[in-house]
file protein-v4.pdb (PDB, C-alpha atoms and all ligand atoms)
ATOM      1  CA  MET A   1     283.083 288.177 -27.627  1.00  0.00           C
ATOM      2  CA  HIS A   2     285.588 290.737 -26.459  1.00  0.00           C
ATOM      3  CA  ALA A   3     284.369 293.506 -28.741  1.00  0.00           C
ATOM      4  CA  GLU A   4     283.430 296.555 -26.745  1.00  0.00           C
ATOM      5  CA  PRO A   5     279.783 297.527 -27.146  1.00  0.00           C
ATOM      6  CA  VAL A   6     279.557 301.043 -28.541  1.00  0.00           C
ATOM      7  CA  TYR A   7     276.079 301.976 -27.338  1.00  0.00           C
ATOM      8  CA  CYS A   8     274.238 301.446 -24.078  1.00  0.00           C
ATOM      9  CA  PRO A   9     271.585 298.773 -24.728  1.00  0.00           C
ATOM     10  CA  GLN A  10     269.317 300.427 -22.135  1.00  0.00           C
ATOM     11  CA  CYS A  11     269.320 304.125 -23.079  1.00  0.00           C
ATOM     12  CA  GLY A  12     271.228 304.180 -26.375  1.00  0.00           C
ATOM     13  CA  ALA A  13     273.843 306.642 -25.197  1.00  0.00           C
ATOM     14  CA  SER A  14     277.355 306.281 -26.559  1.00  0.00           C
ATOM     15  CA  SER A  15     278.875 307.282 -23.236  1.00  0.00           C
ATOM     16  CA  LEU A  16     280.173 303.925 -22.057  1.00  0.00           C
ATOM     17  CA  GLU A  17     282.996 303.840 -19.536  1.00  0.00           C
ATOM     18  CA  TYR A  18     285.195 300.817 -18.859  1.00  0.00           C
ATOM     19  CA  ARG A  19     285.541 300.805 -15.094  1.00  0.00           C
ATOM     20  CA  ILE A  20     284.900 298.841 -11.906  1.00  0.00           C
ATOM     21  CA  PRO A  21     281.311 299.443 -10.838  1.00  0.00           C
ATOM     22  CA  GLU A  22     280.667 300.147  -7.181  1.00  0.00           C
ATOM     23  CA  GLY A  23     280.689 296.925  -5.159  1.00  0.00           C
ATOM     24  CA  ASP A  24     282.205 294.936  -8.038  1.00  0.00           C
ATOM     25  CA  THR A  25     285.725 293.572  -8.481  1.00  0.00           C
ATOM     26  CA  LYS A  26     286.105 293.597 -12.271  1.00  0.00           C
ATOM     27  CA  ARG A  27     286.046 296.307 -14.882  1.00  0.00           C
ATOM     28  CA  ARG A  28     282.853 296.449 -16.959  1.00  0.00           C
ATOM     29  CA  ASN A  29     281.349 298.694 -19.560  1.00  0.00           C
ATOM     30  CA  VAL A  30     279.145 301.098 -17.585  1.00  0.00           C
ATOM     31  CA  CYS A  31     276.845 303.674 -19.086  1.00  0.00           C
ATOM     32  CA  ALA A  32     277.796 307.124 -17.816  1.00  0.00           C
ATOM     33  CA  ARG A  33     274.284 308.407 -18.498  1.00  0.00           C
ATOM     34  CA  CYS A  34     271.958 305.787 -17.000  1.00  0.00           C
ATOM     35  CA  GLY A  35     274.340 303.597 -15.006  1.00  0.00           C
ATOM     36  CA  TYR A  36     273.524 300.390 -16.885  1.00  0.00           C
ATOM     37  CA  ILE A  37     276.256 297.759 -16.463  1.00  0.00           C
ATOM     38  CA  ILE A  38     277.024 295.478 -19.399  1.00  0.00           C
ATOM     39  CA  TYR A  39     278.067 292.085 -18.052  1.00  0.00           C
ATOM     40  CA  GLN A  40     279.819 289.736 -20.435  1.00  0.00           C
ATOM     41  CA  ASN A  41     279.766 286.101 -19.388  1.00  0.00           C
ATOM     42  CA  PRO A  42     280.791 282.770 -20.925  1.00  0.00           C
ATOM     43  CA  LEU A  43     278.675 281.281 -23.670  1.00  0.00           C
ATOM     44  CA  MET A  44     277.334 277.753 -23.551  1.00  0.00           C
ATOM     45  CA  VAL A  45     277.719 275.422 -26.522  1.00  0.00           C
ATOM     46  CA  ALA A  46     275.961 272.065 -26.832  1.00  0.00           C
ATOM     47  CA  GLY A  47     276.462 269.372 -29.438  1.00  0.00           C
ATOM     48  CA  ALA A  48     276.525 265.657 -30.027  1.00  0.00           C
ATOM     49  CA  VAL A  49     278.726 262.778 -31.080  1.00  0.00           C
ATOM     50  CA  LEU A  50     276.390 260.437 -32.916  1.00  0.00           C
ATOM     51  CA  GLU A  51     277.179 256.861 -33.860  1.00  0.00           C
ATOM     52  CA  TRP A  52     275.611 254.515 -36.361  1.00  0.00           C
ATOM     53  CA  GLU A  53     276.886 250.951 -36.790  1.00  0.00           C
ATOM     54  CA  GLY A  54     280.358 251.778 -35.553  1.00  0.00           C
ATOM     55  CA  LYS A  55     280.656 254.993 -37.533  1.00  0.00           C
ATOM     56  CA  ILE A  56     280.621 258.578 -36.270  1.00  0.00           C
ATOM     57  CA  LEU A  57     278.723 261.459 -37.855  1.00  0.00           C
ATOM     58  CA  LEU A  58     280.758 264.498 -38.877  1.00  0.00           C
ATOM     59  CA  CYS A  59     279.637 267.677 -40.632  1.00  0.00           C
ATOM     60  CA  LYS A  60     281.746 269.640 -43.093  1.00  0.00           C
ATOM     61  CA  ARG A  61     281.529 273.315 -42.221  1.00  0.00           C
ATOM     62  CA  ALA A  62     280.005 275.619 -44.841  1.00  0.00           C
ATOM     63  CA  ILE A  63     280.530 278.679 -42.632  1.00  0.00           C
ATOM     64  CA  LYS A  64     283.425 280.561 -41.092  1.00  0.00           C
ATOM     65  CA  PRO A  65     285.430 280.039 -39.022  1.00  0.00           C
ATOM     66  CA  ARG A  66     287.182 276.836 -40.121  1.00  0.00           C
ATOM     67  CA  PHE A  67     285.264 276.675 -43.397  1.00  0.00           C
ATOM     68  CA  GLY A  68     285.614 273.275 -45.081  1.00  0.00           C
ATOM     69  CA  LEU A  69     286.797 271.438 -41.971  1.00  0.00           C
ATOM     70  CA  TRP A  70     284.900 268.664 -40.204  1.00  0.00           C
ATOM     71  CA  THR A  71     283.113 269.009 -36.899  1.00  0.00           C
ATOM     72  CA  LEU A  72     280.468 267.521 -34.659  1.00  0.00           C
ATOM     73  CA  PRO A  73     277.047 269.158 -34.814  1.00  0.00           C
ATOM     74  CA  ALA A  74     277.214 271.800 -32.079  1.00  0.00           C
ATOM     75  CA  GLY A  75     276.313 275.404 -31.478  1.00  0.00           C
ATOM     76  CA  PHE A  76     275.412 278.141 -29.046  1.00  0.00           C
ATOM     77  CA  MET A  77     272.416 277.720 -26.794  1.00  0.00           C
ATOM     78  CA  GLU A  78     269.372 279.858 -27.390  1.00  0.00           C
ATOM     79  CA  ASN A  79     267.527 281.533 -24.552  1.00  0.00           C
ATOM     80  CA  HIS A  80     264.846 279.430 -22.863  1.00  0.00           C
ATOM     81  CA  GLU A  81     266.004 276.074 -24.206  1.00  0.00           C
ATOM     82  CA  THR A  82     267.549 273.226 -22.267  1.00  0.00           C
ATOM     83  CA  LEU A  83     271.024 271.908 -22.876  1.00  0.00           C
ATOM     84  CA  GLU A  84     269.637 268.700 -24.383  1.00  0.00           C
ATOM     85  CA  GLU A  85     267.221 270.622 -26.601  1.00  0.00           C
ATOM     86  CA  CYS A  86     270.171 272.619 -27.902  1.00  0.00           C
ATOM     87  CA  ALA A  87     272.132 269.469 -28.782  1.00  0.00           C
ATOM     88  CA  ARG A  88     269.083 268.039 -30.570  1.00  0.00           C
ATOM     89  CA  ARG A  89     268.367 271.304 -32.396  1.00  0.00           C
ATOM     90  CA  GLU A  90     271.954 271.730 -33.572  1.00  0.00           C
ATOM     91  CA  SER A  91     272.042 268.119 -34.792  1.00  0.00           C
ATOM     92  CA  MET A  92     268.870 268.754 -36.757  1.00  0.00           C
ATOM     93  CA  GLU A  93     270.011 272.126 -38.116  1.00  0.00           C
ATOM     94  CA  GLU A  94     273.494 271.077 -39.179  1.00  0.00           C
ATOM     95  CA  ALA A  95     272.924 267.454 -40.164  1.00  0.00           C
ATOM     96  CA  THR A  96     269.148 266.820 -40.278  1.00  0.00           C
ATOM     97  CA  ALA A  97     270.001 264.211 -37.656  1.00  0.00           C
ATOM     98  CA  GLU A  98     267.717 262.794 -34.994  1.00  0.00           C
ATOM     99  CA  ILE A  99     269.174 261.401 -31.796  1.00  0.00           C
ATOM    100  CA  GLU A 100     268.241 258.215 -29.956  1.00  0.00           C
ATOM    101  CA  ASN A 101     269.634 257.085 -26.600  1.00  0.00           C
ATOM    102  CA  ILE A 102     270.924 260.553 -25.822  1.00  0.00           C
ATOM    103  CA  ALA A 103     273.247 260.847 -22.813  1.00  0.00           C
ATOM    104  CA  LEU A 104     275.482 263.606 -21.517  1.00  0.00           C
ATOM    105  CA  PHE A 105     279.032 262.714 -22.516  1.00  0.00           C
ATOM    106  CA  SER A 106     281.399 265.561 -21.668  1.00  0.00           C
ATOM    107  CA  LEU A 107     281.539 269.008 -20.114  1.00  0.00           C
ATOM    108  CA  TYR A 108     284.578 271.143 -20.937  1.00  0.00           C
ATOM    109  CA  SER A 109     285.767 274.640 -20.130  1.00  0.00           C
ATOM    110  CA  LEU A 110     287.496 276.745 -22.780  1.00  0.00           C
ATOM    111  CA  PRO A 111     288.539 279.679 -20.593  1.00  0.00           C
ATOM    112  CA  HIS A 112     290.619 281.413 -23.261  1.00  0.00           C
ATOM    113  CA  ILE A 113     287.495 282.037 -25.334  1.00  0.00           C
ATOM    114  CA  SER A 114     285.015 282.072 -22.417  1.00  0.00           C
ATOM    115  CA  GLN A 115     282.961 279.124 -23.611  1.00  0.00           C
ATOM    116  CA  ILE A 116     281.628 275.938 -22.030  1.00  0.00           C
ATOM    117  CA  TYR A 117     281.060 272.892 -24.229  1.00  0.00           C
ATOM    118  CA  ALA A 118     278.522 270.217 -23.327  1.00  0.00           C
ATOM    119  CA  ILE A 119     278.646 267.261 -25.700  1.00  0.00           C
ATOM    120  CA  TYR A 120     276.034 264.517 -25.686  1.00  0.00           C
ATOM    121  CA  SER A 121     276.410 261.078 -27.175  1.00  0.00           C
ATOM    122  CA  GLY A 122     273.700 259.133 -28.920  1.00  0.00           C
ATOM    123  CA  VAL A 123     272.644 256.918 -31.773  1.00  0.00           C
ATOM    124  CA  LEU A 124     272.097 258.572 -35.150  1.00  0.00           C
ATOM    125  CA  ALA A 125     268.482 257.580 -35.799  1.00  0.00           C
ATOM    126  CA  GLY A 126     268.260 255.336 -38.859  1.00  0.00           C
ATOM    127  CA  GLY A 127     271.821 256.247 -39.795  1.00  0.00           C
ATOM    128  CA  LYS A 128     270.298 259.142 -41.712  1.00  0.00           C
ATOM    129  CA  SER A 129     271.773 262.607 -42.170  1.00  0.00           C
ATOM    130  CA  GLU A 130     271.661 265.410 -44.729  1.00  0.00           C
ATOM    131  CA  PRO A 131     273.677 268.618 -44.642  1.00  0.00           C
ATOM    132  CA  GLY A 132     271.798 271.557 -43.142  1.00  0.00           C
ATOM    133  CA  GLU A 133     272.444 275.200 -43.984  1.00  0.00           C
ATOM    134  CA  GLU A 134     275.713 275.427 -42.079  1.00  0.00           C
ATOM    135  CA  SER A 135     277.168 272.241 -43.563  1.00  0.00           C
ATOM    136  CA  SER A 136     278.303 271.408 -47.084  1.00  0.00           C
ATOM    137  CA  ALA A 137     278.349 267.661 -46.371  1.00  0.00           C
ATOM    138  CA  THR A 138     277.658 265.112 -43.679  1.00  0.00           C
ATOM    139  CA  ASP A 139     279.292 261.716 -43.542  1.00  0.00           C
ATOM    140  CA  LEU A 140     279.831 258.688 -41.334  1.00  0.00           C
ATOM    141  CA  PHE A 141     283.410 257.790 -40.447  1.00  0.00           C
ATOM    142  CA  THR A 142     284.891 254.618 -39.005  1.00  0.00           C
ATOM    143  CA  PRO A 143     287.486 255.336 -36.298  1.00  0.00           C
ATOM    144  CA  GLU A 144     290.232 254.736 -38.885  1.00  0.00           C
ATOM    145  CA  GLU A 145     288.690 257.168 -41.344  1.00  0.00           C
ATOM    146  CA  ILE A 146     288.363 260.175 -39.027  1.00  0.00           C
ATOM    147  CA  PRO A 147     290.228 263.087 -40.696  1.00  0.00           C
ATOM    148  CA  TRP A 148     292.165 264.174 -37.609  1.00  0.00           C
ATOM    149  CA  ASP A 149     294.104 266.875 -39.446  1.00  0.00           C
ATOM    150  CA  ASP A 150     290.902 268.382 -40.819  1.00  0.00           C
ATOM    151  CA  ILE A 151     288.907 268.601 -37.604  1.00  0.00           C
ATOM    152  CA  ALA A 152     287.745 272.176 -37.063  1.00  0.00           C
ATOM    153  CA  PHE A 153     288.415 272.648 -33.335  1.00  0.00           C
ATOM    154  CA  ASP A 154     290.592 271.152 -30.584  1.00  0.00           C
ATOM    155  CA  ILE A 155     287.524 270.625 -28.392  1.00  0.00           C
ATOM    156  CA  ILE A 156     285.936 268.505 -31.116  1.00  0.00           C
ATOM    157  CA  ARG A 157     289.132 266.498 -31.635  1.00  0.00           C
ATOM    158  CA  GLU A 158     289.242 265.919 -27.873  1.00  0.00           C
ATOM    159  CA  ASN A 159     285.656 264.659 -27.779  1.00  0.00           C
ATOM    160  CA  LEU A 160     286.248 262.296 -30.687  1.00  0.00           C
ATOM    161  CA  ARG A 161     289.344 260.940 -28.964  1.00  0.00           C
ATOM    162  CA  LEU A 162     287.410 260.468 -25.709  1.00  0.00           C
ATOM    163  CA  TYR A 163     284.541 258.767 -27.504  1.00  0.00           C
ATOM    164  CA  LEU A 164     286.778 256.294 -29.313  1.00  0.00           C
ATOM    165  CA  GLU A 165     288.532 255.484 -26.047  1.00  0.00           C
ATOM    166  CA  HIS A 166     285.523 255.251 -23.733  1.00  0.00           C
ATOM    167  CA  GLY A 167     282.421 254.770 -25.862  1.00  0.00           C
ATOM    168  CA  PRO A 168     279.112 256.562 -25.408  1.00  0.00           C
ATOM    169  CA  GLY A 169     277.967 258.330 -22.258  1.00  0.00           C
ATOM    170  CA  ASN A 170     276.975 255.915 -19.517  1.00  0.00           C
ATOM    171  CA  GLY A 171     276.328 258.202 -16.573  1.00  0.00           C
ATOM    172  CA  HIS A 172     279.944 259.234 -16.225  1.00  0.00           C
ATOM    173  CA  VAL A 173     280.643 262.658 -17.683  1.00  0.00           C
ATOM    174  CA  HIS A 174     284.125 263.443 -18.951  1.00  0.00           C
ATOM    175  CA  THR A 175     285.281 266.821 -17.742  1.00  0.00           C
ATOM    176  CA  GLY A 176     288.290 268.988 -18.399  1.00  0.00           C
ATOM    177  CA  THR A 177     289.783 272.098 -19.894  1.00  0.00           C
ATOM    178  CA  VAL A 178     290.947 272.748 -23.418  1.00  0.00           C
ATOM    179  CA  MET A 179     293.556 275.479 -23.680  1.00  0.00           C
ATOM    180  CA  PRO A 180     294.841 277.287 -26.781  1.00  0.00           C
ATOM    181  CA  HIS A 181     297.856 276.145 -28.817  1.00  0.00           C
ATOM    182  CA  PRO A 182     296.944 273.174 -31.017  1.00  0.00           C
ATOM    183  CA  GLY A 183     298.715 269.927 -30.248  1.00  0.00           C
ATOM    184  CA  ALA A 184     300.900 270.779 -27.278  1.00  0.00           C
ATOM    185  CA  GLY A 185     298.140 272.791 -25.660  1.00  0.00           C
ATOM    186  CA  ALA A 186     295.296 270.335 -25.774  1.00  0.00           C
ATOM    187  CA  GLN A 187     295.771 269.663 -22.094  1.00  0.00           C
ATOM    188  CA  ALA A 188     292.518 267.992 -21.416  1.00  0.00           C
ATOM    189  CA  GLU A 189     292.270 266.232 -18.142  1.00  0.00           C
ATOM    190  CA  THR A 190     289.570 263.637 -18.287  1.00  0.00           C
ATOM    191  CA  GLY A 191     287.699 262.579 -15.225  1.00  0.00           C
ATOM    192  CA  ARG A 192     287.637 258.923 -14.242  1.00  0.00           C
TER     193      ARG A 192
HETATM  194 ZN    ZN A 201     272.595 304.035 -20.649  1.00  0.00          ZN
END
call {"tool": "encode", "arguments": {"input": "protein-v4.pdb", "output": "structure tokens"}}
result
Amino acid sequence: MHAEPVYCPQCGASSLEYRIPEGDTKRRNVCARCGYIIYQNPLMVAGAVLEWEGKILLCKRAIKPRFGLWTLPAGFMENHETLEECARRESMEEATAEIENIALFSLYSLPHISQIYAIYSGVLAGGKSEPGEESSATDLFTPEEIPWDDIAFDIIRENLRLYLEHGPGNGHVHTGTVMPHPGAGAQAETGR
């Protein structure tokens, strides 16, 4: 996300300057030819923690990063879709999973990578899942079986922990921040 664009997306010139545009407070990539300003803003991720008969659905990643580790179905929002549509689409794409009783569960900031995570909770319809293209396996885990050391991301580990402690979304949304540094740095403050 921090890669510098090489060409101006408006006029195609390669004359980008990294400077503070007039009236702005932060440095941006600005096209010296046409004046186009390239704003880079946080990306939104939506996903879901899905339960079936006391077990939680996890997907084994078939893509980088964190290839081979387990995660919740989640991914970047597409333009023109709603947050909930994104969570449903990602669950379908990564686990062929349909969601019942969907409810917003948590909203977390990851400022070090400029991402926001919105995780829904729900029932895994029929208990059925199949790995999609980005997964090599899907499986249901009891709380005791969750492979904590093989969870792909701190934000996912945090959501699993929250879910086991509080249960599915019930109108209260857990909020917080996940910082870098695994273990010591997972300073997530959860709302009450
Ligand atoms: Zn330009």
call {"tool": "closest_residue", "arguments": {"input": "protein-v4.pdb", "among": "A:Pro168, A:Cys11, A:Ala118, A:Leu43", "to": "A:Asn79", "atoms": "all atoms listed in the file"}}
result
A:Leu43
call {"tool": "axis_aligned_box", "arguments": {"input": "protein-v4.pdb", "around": "stretch 33-49 of chain A", "padding_each_side": "8 Å", "output": "JSON"}}
result
{"center_x": 276.4, "center_y": 285.6, "center_z": -23.0, "size_x": 24.8, "size_y": 61.6, "size_z": 32.1}
call {"tool": "residues_near_ligand", "arguments": {"input": "protein-v4.pdb", "ligand": "ligand ZN 201 (chain A)", "cutoff": "6 Å", "atoms": "only C-alpha atoms and all ligand atoms", "output": "compact mmCIF listing (two decimals) with C-alpha atoms, in the frame of the given file"}}
result
# COMPACT_ATOMS: atom_id res chain seq x y z
CA CYS A 8 274.24 301.45 -24.08
CA GLN A 10 269.32 300.43 -22.14
CA CYS A 11 269.32 304.12 -23.08
CA GLY A 12 271.23 304.18 -26.38
CA ALA A 13 273.84 306.64 -25.20
CA CYS A 31 276.85 303.67 -19.09
CA ARG A 33 274.28 308.41 -18.50
CA CYS A 34 271.96 305.79 -17.00
CA GLY A 35 274.34 303.60 -15.01
CA TYR A 36 273.52 300.39 -16.89
call {"tool": "residues_around", "arguments": {"input": "protein-v4.pdb", "residues": "A:Asp139", "least_positions_apart": "3", "cutoff": "8 Å", "atoms": "all atoms listed in the file", "output": "PDB file with C-alpha atoms, keeping the file's coordinate frame"}}
result
ATOM      1  CA  LEU A  57     278.723 261.459 -37.855  1.00  0.00           C
ATOM      2  CA  LEU A  58     280.758 264.498 -38.877  1.00  0.00           C
ATOM      3  CA  CYS A  59     279.637 267.677 -40.632  1.00  0.00           C
ATOM      4  CA  SER A 129     271.773 262.607 -42.170  1.00  0.00           C
TER       5      SER A 129
END
call {"tool": "atom_distance", "arguments": {"input": "protein-v4.pdb", "atom1": "atom CA of A:Thr25", "atom2": "atom CA of A:Pro111"}}
result
18.6 Å
call {"tool": "closest_residue", "arguments": {"input": "protein-v4.pdb", "among": "A:Glu17, A:Glu51, A:Glu98, A:Glu133", "to": "A:Leu164", "atoms": "only C-alpha atoms"}}
result
A:Glu51
call {"tool": "residues_near_point", "arguments": {"input": "protein-v4.pdb", "point": "(270.3, 276.6, -30.2)", "cutoff": "10 Å", "atoms": "all atoms listed in the file", "output": "count of residues only"}}
result
23
call {"tool": "resolve_selection", "arguments": {"input": "protein-v4.pdb", "expression": "the PyMOL selection byres (((chain A and resi 163) around 10) and not hetatm)", "output": "list in words"}}
result
Val49, Leu50, Glu51, Ile56, Phe105, Ser106, Ser121, Pro143, Arg157, Glu158, Asn159, Leu160, Arg161, Leu162, Leu164, Glu165, His166, Gly167, Pro168, Gly169 and His174 of chain A
call {"tool": "resolve_selection", "arguments": {"input": "protein-v4.pdb", "expression": "the PyMOL selection byres (((chain A and resi 109) around 9) and not hetatm)", "output": "list in words"}}
result
Leu107, Tyr108, Leu110, Pro111, His112, Ser114, Gln115, Ile116, Tyr117, Thr175, Gly176, Thr177, Val178 and Met179 of chain A
call {"tool": "atom_distance", "arguments": {"input": "protein-v4.pdb", "atom1": "atom CA of A:Pro131", "atom2": "atom CA of A:Ile119"}}
result
19.6 Å
call {"tool": "atom_distance", "arguments": {"input": "protein-v4.pdb", "atom1": "atom CA of A:Leu72", "atom2": "atom CA of A:Asn41"}}
result
24.1 Å
call {"tool": "resolve_selection", "arguments": {"input": "protein-v4.pdb", "expression": "the PyMOL selection byres (((chain A and resi 141) around 6) and not hetatm)", "output": "list in words"}}
result
Lys55, Ile56, Leu140, Thr142, Glu145 and Ile146 of chain A
call {"tool": "closest_residue", "arguments": {"input": "protein-v4.pdb", "among": "A:Ile38, A:Ala48, A:Ala62, A:Val30", "to": "A:Ala152", "atoms": "all atoms listed in the file"}}
result
A:Ala62
call {"tool": "residues_around", "arguments": {"input": "protein-v4.pdb", "residues": "A:Gly127", "least_positions_apart": "2", "cutoff": "6 Å", "atoms": "all atoms listed in the file", "output": "NGL selection string"}}
result
:A and (52 or 124-125)
call {"tool": "closest_residue", "arguments": {"input": "protein-v4.pdb", "among": "A:Asn101, A:Glu53, A:Trp148, A:Ile156", "to": "A:Lys128", "atoms": "all atoms listed in the file"}}
result
A:Glu53
call {"tool": "closest_residue", "arguments": {"input": "protein-v4.pdb", "among": "A:Met92, A:Val173, A:Ala137, A:Ile155", "to": "A:Leu69", "atoms": "all atoms listed in the file"}}
result
A:Ala137
